[in-house]
$ cat upload.txt   # compact mmCIF, C-alpha atoms (C1' of nucleotides)
# COMPACT_ATOMS: atom_id res chain seq x y z
CA MET A 449 63.63 -20.94 99.63
CA ARG A 450 61.38 -22.97 97.35
CA ILE A 451 59.39 -25.75 99.02
CA ALA A 452 57.43 -28.09 96.76
CA THR A 453 54.92 -30.83 97.51
CA TRP A 454 53.99 -33.52 95.00
CA ASN A 455 51.96 -36.69 95.29
CA ILE A 456 54.00 -38.66 92.79
CA ASN A 457 51.73 -41.76 92.71
CA GLY A 458 54.54 -44.29 92.54
CA VAL A 459 58.07 -42.89 92.43
CA ARG A 460 59.54 -45.82 90.49
CA ALA A 461 56.87 -45.66 87.79
CA ARG A 462 57.41 -41.90 87.57
CA ILE A 463 61.16 -41.58 87.94
CA ASP A 464 61.96 -40.05 84.55
CA GLY A 465 59.31 -37.36 84.84
CA ALA A 466 60.18 -36.70 88.47
CA VAL A 467 63.85 -36.17 87.66
CA ALA A 468 62.96 -33.95 84.72
CA TRP A 469 60.70 -31.81 86.88
CA VAL A 470 63.19 -31.53 89.75
CA ARG A 471 65.93 -30.56 87.32
CA ASP A 472 63.73 -27.84 85.84
CA ALA A 473 61.96 -26.51 88.94
CA ALA A 474 64.96 -26.92 91.24
CA PRO A 475 63.08 -26.78 94.56
CA ASP A 476 65.22 -26.43 97.68
CA VAL A 477 62.96 -28.91 99.44
CA LEU A 478 60.65 -31.43 97.78
CA CYS A 479 58.00 -33.27 99.79
CA LEU A 480 56.83 -36.43 98.05
CA GLN A 481 53.78 -38.54 98.85
CA GLU A 482 52.56 -41.92 97.67
CA ILE A 483 56.03 -43.12 96.76
CA LYS A 484 54.56 -46.67 96.86
CA SER A 485 57.97 -48.01 97.64
CA ALA A 486 59.91 -49.53 100.50
CA ASP A 487 62.89 -47.46 101.63
CA GLU A 488 65.42 -49.84 100.09
CA ALA A 489 63.64 -49.72 96.71
CA PHE A 490 63.45 -45.91 96.51
CA PRO A 491 65.50 -44.65 93.52
CA ARG A 492 67.57 -42.33 95.69
CA GLU A 493 70.60 -42.14 93.38
CA ALA A 494 68.55 -40.43 90.68
CA PHE A 495 67.95 -37.51 93.06
CA GLU A 496 71.32 -37.62 94.78
CA ASP A 497 72.89 -37.16 91.35
CA LEU A 498 71.00 -33.83 91.18
CA GLY A 499 72.50 -32.76 94.50
CA TYR A 500 69.69 -33.72 96.88
CA ASN A 501 69.75 -35.32 100.27
CA VAL A 502 67.08 -38.02 100.38
CA GLU A 503 65.11 -39.19 103.41
CA THR A 504 62.26 -41.64 103.00
CA HIS A 505 59.54 -43.19 105.11
CA GLY A 506 58.38 -45.89 102.79
CA GLN A 507 56.12 -48.91 102.81
CA LYS A 508 55.79 -51.79 100.38
CA GLY A 509 53.07 -51.34 97.79
CA PHE A 510 51.30 -48.15 98.80
CA ASN A 511 51.50 -44.96 100.90
CA GLY A 512 55.04 -43.74 101.67
CA VAL A 513 56.45 -40.23 101.93
CA ALA A 514 59.85 -38.62 101.40
CA ILE A 515 61.76 -35.36 101.80
CA LEU A 516 64.41 -34.35 99.31
CA SER A 517 66.59 -31.36 100.11
CA LYS A 518 69.49 -29.41 98.73
CA LEU A 519 70.18 -28.22 102.28
CA PRO A 520 71.74 -30.44 104.92
CA ILE A 521 69.12 -32.00 107.18
CA ASP A 522 69.68 -31.23 110.86
CA GLU A 523 66.93 -33.48 112.21
CA ILE A 524 64.67 -36.11 110.69
CA SER A 525 61.64 -37.81 112.17
CA ARG A 526 59.27 -40.42 110.81
CA GLY A 527 55.61 -40.96 111.68
CA LEU A 528 52.89 -38.64 112.98
CA PRO A 529 52.88 -38.70 116.79
CA GLY A 530 49.83 -39.80 118.74
CA ASP A 531 49.18 -43.44 117.82
CA ASP A 532 51.80 -46.13 118.24
CA GLU A 533 49.47 -48.62 116.53
CA ASP A 534 49.45 -46.65 113.26
CA VAL A 535 51.70 -48.53 110.83
CA GLN A 536 50.86 -46.52 107.70
CA ALA A 537 53.79 -44.50 106.31
CA ARG A 538 52.22 -41.07 105.90
CA PHE A 539 54.45 -38.55 107.66
CA ILE A 540 58.09 -37.46 107.68
CA GLU A 541 59.56 -34.19 108.87
CA ALA A 542 62.94 -32.50 108.63
CA VAL A 543 64.54 -29.45 110.24
CA PHE A 544 66.88 -27.19 108.29
CA SER A 545 69.15 -24.34 109.31
CA VAL A 546 68.36 -21.05 107.60
CA LYS A 547 69.74 -17.60 108.08
CA GLY A 548 67.03 -16.59 110.52
CA GLY A 549 67.31 -19.78 112.56
CA ALA A 550 65.58 -23.04 111.74
CA ILE A 551 62.65 -24.18 109.63
CA ARG A 552 60.71 -27.40 110.09
CA VAL A 553 59.13 -29.01 107.01
CA ALA A 554 56.73 -31.93 107.15
CA SER A 555 55.72 -34.09 104.17
CA LEU A 556 52.32 -35.58 104.92
CA TYR A 557 49.91 -37.90 103.17
CA LEU A 558 46.57 -37.54 104.89
CA PRO A 559 44.29 -40.58 104.58
CA ASN A 560 41.69 -40.51 101.82
CA GLY A 561 38.85 -41.77 104.01
CA ASN A 562 36.52 -43.20 101.40
CA PRO A 563 33.99 -44.62 101.49
CA VAL A 564 31.97 -42.40 103.83
CA GLY A 565 30.74 -44.40 106.80
CA SER A 566 33.71 -46.76 106.79
CA GLU A 567 36.52 -47.27 109.29
CA LYS A 568 38.74 -45.55 106.75
CA LEU A 569 36.91 -42.28 107.39
CA THR A 570 37.22 -42.78 111.15
CA TYR A 571 40.95 -43.28 110.63
CA LYS A 572 41.10 -40.08 108.55
CA TYR A 573 39.41 -38.02 111.26
CA GLY A 574 41.65 -39.47 113.93
CA TRP A 575 44.68 -38.69 111.81
CA MET A 576 43.50 -35.10 111.34
CA ASP A 577 43.00 -34.75 115.09
CA ARG A 578 46.57 -35.97 115.62
CA LEU A 579 47.78 -33.48 113.03
CA GLU A 580 46.01 -30.72 114.93
CA ALA A 581 47.78 -31.76 118.14
CA TYR A 582 51.08 -31.75 116.27
CA ALA A 583 50.39 -28.26 114.90
CA ARG A 584 49.36 -26.95 118.33
CA ALA A 585 52.61 -28.17 119.88
CA HIS A 586 54.82 -26.50 117.29
CA LEU A 587 52.74 -23.32 117.25
CA ALA A 588 53.16 -23.10 121.01
CA ALA A 589 56.91 -23.22 120.45
CA GLU A 590 56.52 -20.34 117.96
CA GLU A 591 58.41 -22.30 115.33
CA THR A 592 58.79 -21.47 111.66
CA PHE A 593 57.24 -24.52 110.08
CA VAL A 594 55.51 -25.80 106.95
CA MET A 595 53.13 -28.74 106.78
CA ALA A 596 53.11 -29.70 103.11
CA GLY A 597 51.38 -32.55 101.41
CA ASP A 598 48.36 -34.32 100.04
CA TYR A 599 45.67 -33.41 102.56
CA ASN A 600 42.87 -35.21 100.72
CA VAL A 601 40.72 -32.22 101.69
CA ILE A 602 38.79 -29.96 99.32
CA PRO A 603 38.67 -26.90 101.57
CA GLU A 604 35.94 -24.89 99.82
CA PRO A 605 33.51 -25.25 96.89
CA GLU A 606 35.74 -23.06 94.72
CA ASP A 607 38.46 -25.67 95.12
CA ALA A 608 36.52 -28.10 92.89
CA ARG A 609 35.34 -27.77 89.31
CA HIS A 610 32.13 -29.61 90.23
CA PRO A 611 31.71 -29.37 94.01
CA GLU A 612 28.30 -31.04 93.83
CA ASN A 613 29.97 -34.23 92.60
CA TRP A 614 32.01 -34.42 95.82
CA ARG A 615 29.15 -33.97 98.27
CA ASP A 616 29.16 -37.62 99.32
CA ASP A 617 32.93 -38.01 99.17
CA ALA A 618 35.26 -38.18 102.17
CA LEU A 619 37.33 -35.30 100.74
CA PHE A 620 34.44 -32.86 101.02
CA GLN A 621 32.53 -34.05 104.08
CA PRO A 622 31.52 -31.28 106.50
CA GLU A 623 33.55 -32.99 109.24
CA THR A 624 36.58 -33.17 106.95
CA ARG A 625 36.35 -29.49 106.02
CA GLN A 626 35.68 -28.54 109.63
CA ARG A 627 38.88 -30.22 110.73
CA PHE A 628 40.83 -28.44 108.00
CA ARG A 629 39.32 -25.11 109.07
CA ARG A 630 40.28 -25.92 112.63
CA LEU A 631 43.90 -26.01 111.50
CA LEU A 632 43.49 -22.62 109.85
CA ASN A 633 41.78 -21.25 112.95
CA LEU A 634 44.81 -22.21 115.02
CA GLY A 635 46.63 -19.57 113.02
CA LEU A 636 47.98 -21.62 110.12
CA THR A 637 47.89 -20.13 106.62
CA ASP A 638 46.89 -21.97 103.43
CA ALA A 639 49.78 -20.60 101.36
CA PHE A 640 48.10 -20.90 97.98
CA ARG A 641 44.91 -19.21 99.17
CA ALA A 642 46.96 -16.41 100.73
CA CYS A 643 48.24 -15.63 97.23
CA THR A 644 45.00 -15.80 95.23
CA THR A 645 41.27 -15.96 95.87
CA GLU A 646 40.52 -17.03 92.30
CA PRO A 647 38.50 -20.20 91.80
CA GLY A 648 39.56 -22.81 89.26
CA HIS A 649 43.01 -23.72 90.55
CA TYR A 650 43.41 -27.46 91.03
CA SER A 651 46.18 -29.88 91.98
CA PHE A 652 44.51 -33.21 91.12
CA TRP A 653 42.66 -34.52 88.09
CA ASP A 654 41.37 -38.10 88.01
CA TYR A 655 42.77 -40.44 85.38
CA GLN A 656 39.24 -41.39 84.39
CA ALA A 657 36.56 -39.89 82.21
CA GLY A 658 38.80 -37.26 80.65
CA ALA A 659 38.99 -35.28 83.88
CA TRP A 660 42.19 -33.48 82.81
CA GLN A 661 40.88 -32.61 79.36
CA ARG A 662 37.67 -31.26 80.92
CA ASN A 663 39.56 -29.49 83.72
CA ASN A 664 37.47 -31.48 86.17
CA GLY A 665 39.90 -31.07 89.05
CA ILE A 666 40.16 -30.45 92.77
CA ARG A 667 42.68 -28.62 94.96
CA ILE A 668 43.78 -31.02 97.68
CA ASP A 669 47.57 -30.54 97.93
CA HIS A 670 48.39 -27.78 100.38
CA HIS A 671 51.11 -25.98 102.31
CA LEU A 672 50.00 -24.84 105.75
CA LEU A 673 52.32 -22.25 107.27
CA SER A 674 52.93 -21.23 110.86
CA PRO A 675 52.74 -17.45 111.46
CA PRO A 676 56.52 -16.92 111.27
CA ALA A 677 56.55 -18.87 107.98
CA ALA A 678 53.51 -17.03 106.61
CA ASP A 679 55.27 -13.75 107.31
CA ARG A 680 57.96 -14.92 104.87
CA LEU A 681 55.62 -16.11 102.11
CA VAL A 682 56.50 -14.63 98.72
CA SER A 683 54.50 -16.72 96.25
CA ALA A 684 52.63 -19.96 95.66
CA MET A 685 52.01 -21.70 92.37
CA ILE A 686 50.55 -24.93 91.02
CA ASP A 687 52.70 -26.43 88.27
CA LYS A 688 50.06 -27.92 85.98
CA ARG A 689 52.55 -28.77 83.25
CA THR A 690 53.33 -32.23 84.57
CA ARG A 691 49.72 -33.41 84.26
CA GLY A 692 50.09 -33.22 80.48
CA TRP A 693 53.30 -35.22 80.40
CA GLU A 694 53.69 -38.89 79.47
CA LYS A 695 52.59 -41.25 82.25
CA PRO A 696 51.70 -38.42 84.62
CA SER A 697 50.83 -38.59 88.28
CA ASP A 698 47.21 -37.63 88.85
CA HIS A 699 48.54 -34.89 91.17
CA VAL A 700 50.82 -32.00 90.14
CA PRO A 701 53.50 -30.18 92.14
CA VAL A 702 52.60 -27.16 94.25
CA VAL A 703 55.50 -24.80 94.98
CA ILE A 704 55.86 -21.98 97.47
CA GLU A 705 58.64 -19.44 97.85
CA LEU A 706 59.63 -18.29 101.32
CA ASP A 707 62.03 -15.44 102.00
CA VAL A 708 64.12 -17.26 104.60
C1' DA B 839 27.39 -45.64 84.40
C1' DT B 840 28.22 -50.26 86.82
C1' DG B 841 34.95 -46.64 89.03
C1' DG B 842 35.09 -45.31 82.70
C1' DC B 843 42.44 -45.40 84.87
C1' DT B 844 46.75 -46.47 87.14
C1' DG B 845 50.55 -48.64 90.18
C1' DC B 846 51.78 -52.45 92.79
C1' DA B 847 52.45 -57.30 94.22
C1' DG B 848 53.05 -61.27 92.12
C1' DG B 849 52.94 -64.04 88.55
C1' DA B 850 46.09 -63.74 87.97
C1' DT B 851 43.69 -60.51 89.41
C1' DG B 852 42.61 -57.84 93.74
C1' DC B 853 43.46 -53.76 96.34
C1' DA B 854 43.94 -48.89 96.83
C1' DG B 855 43.39 -44.49 95.24
C1' DA B 856 40.06 -39.78 95.12
$ encode --input "upload.txt" --output "structure tokens"
Amino acid sequence: MRIATWNINGVRARIDGAVAWVRDAAPDVLCLQEIKSADEAFPREAFEDLGYNVETHGQKGFNGVAILSKLPIDEISRGLPGDDEDVQARFIEAVFSVKGGAIRVASLYLPNGNPVGSEKLTYKYGWMDRLEAYARAHLAAEETFVMAGDYNVIPEPEDARHPENWRDDALFQPETRQRFRRLLNLGLTDAFRACTTEPGHYSFWDYQAGAWQRNNGIRIDHHLLSPPAADRLVSAMIDKRTRGWEKPSDHVPVVIELDV
DNA sequence: ATGGCTGCAGGATGCAGA
């Protein structure tokens, strides 16, 4: 089972490239972030024509997440639990039947948090604490689950081409990294890092200042796996090709293969 | 570098992103 995550940075602006990539990569499940679209404006037919079920949790103008799946969706849920006042569309999860039982897949768009010292960073930390509570609950149930998405977290210095440039950024704050490590310490596995310890693998390159051409990137799009899911991990790869395409997203797809 | 691009809403330019 191939599970991909991709911050598409505007699904309507990116529809041709998105369809081309889905056709080529053929993920079983695709988690999208930053669709920047209300549900009714999401170009669902383009993906349904490729044989995908489409579930969205959109919002006009910015944010917005989606799950596309070749498999039937047994359950769908929108919004990260823990704050009824949170109106930002950043979380959707689906449950699928697989031969061993069930697998839960979440598509999440963790808040950026910049600038440091702002309420946006407070919101990010609160959101990460809610994500930890969510993970704890599903770990306690011993579920096979995957939390995939744009975490807006640079976990370690080797996940940035120039870590020193990110020292004062919300993505690399000690408190941000600590919260990410807390997730790992619960027993979750960073799928990509389980497959390689090499530095220099990135999932985002800024549009500005020739970041792509200079390979000035960061790795911020992750799959975190529960122990039963990690036991089934076969491979993880970052598909850099799309960053060189016409009108690219600034993020590229990350794809894992699970033997389920 | 002073955010140097980009998408979106709206119908000019401001906001958000990382």
$ closest_atom_pairs --input "upload.txt" --of "chain B" --to "chain A" --cutoff "7 Å" --atoms "all atoms listed in the file" --output "CSV"
residue,atom,partner,partner_atom,distance
B:DG842,C1',A:Ala657,CA,5.6
B:DC843,C1',A:Tyr655,CA,5.0
B:DG845,C1',A:Gly458,CA,6.4
B:DC846,C1',A:Gly509,CA,5.3
B:DA847,C1',A:Gly509,CA,7.0
B:DA856,C1',A:Asn560,CA,6.9
$ residues_around --input "upload.txt" --residues "A:Phe544" --least-positions-apart "4" --cutoff "6 Å" --atoms "only C-alpha atoms (C1' of nucleotides)" --output "PDB file with C-alpha atoms, in the coordinates of the input"
ATOM      1  CA  ILE A 521      69.120 -32.000 107.180  1.00  0.00           C
ATOM      2  CA  ASP A 522      69.680 -31.230 110.860  1.00  0.00           C
ATOM      3  CA  ALA A 550      65.580 -23.040 111.740  1.00  0.00           C
ATOM      4  CA  ILE A 551      62.650 -24.180 109.630  1.00  0.00           C
TER       5      ILE A 551
END
$ atom_distance --input "upload.txt" --atom1 "atom CA of A:Thr637" --atom2 "atom CA of A:Ala677"
8.9 Å
$ atom_distance --input "upload.txt" --atom1 "atom CA of A:Glu493" --atom2 "atom CA of A:Arg691"
24.4 Å
$ closest_residue --input "upload.txt" --among "A:Ala468, A:Arg641, A:Val708, A:Arg625" --to "A:Ile686" --atoms "all atoms listed in the file"
A:Arg641
$ residues_around --input "upload.txt" --residues "A:Thr645" --least-positions-apart "4" --cutoff "12 Å" --atoms "only C-alpha atoms (C1' of nucleotides)" --output "list of chain:residue names"
A:Glu604, A:Glu606, A:Asp607, A:Asp638, A:Ala639, A:Phe640, A:Arg641, A:His649
$ closest_residue --input "upload.txt" --among "A:Arg630, A:Arg578, A:His505, A:His670" --to "A:Met685" --atoms "all atoms listed in the file"
A:His670
$ atom_distance --input "upload.txt" --atom1 "atom CA of A:Lys518" --atom2 "atom CA of A:Val546"
12.2 Å
$ axis_aligned_box --input "upload.txt" --around "chain B" --padding-each-side "4 Å" --output "JSON"
{"center_x": 40.2, "center_y": -51.9, "center_z": 89.8, "size_x": 33.7, "size_y": 32.3, "size_z": 22.1}
$ closest_residue --input "upload.txt" --among "A:Pro563, A:Ala684, A:Asn663, A:Pro603" --to "B:DA854" --atoms "all atoms listed in the file"
A:Pro563
$ residues_around --input "upload.txt" --residues "A:Pro675" --least-positions-apart "3" --cutoff "9 Å" --atoms "all atoms listed in the file" --output "VMD selection string"
chain A and resid 587 590 to 593 635 to 637 678 to 680
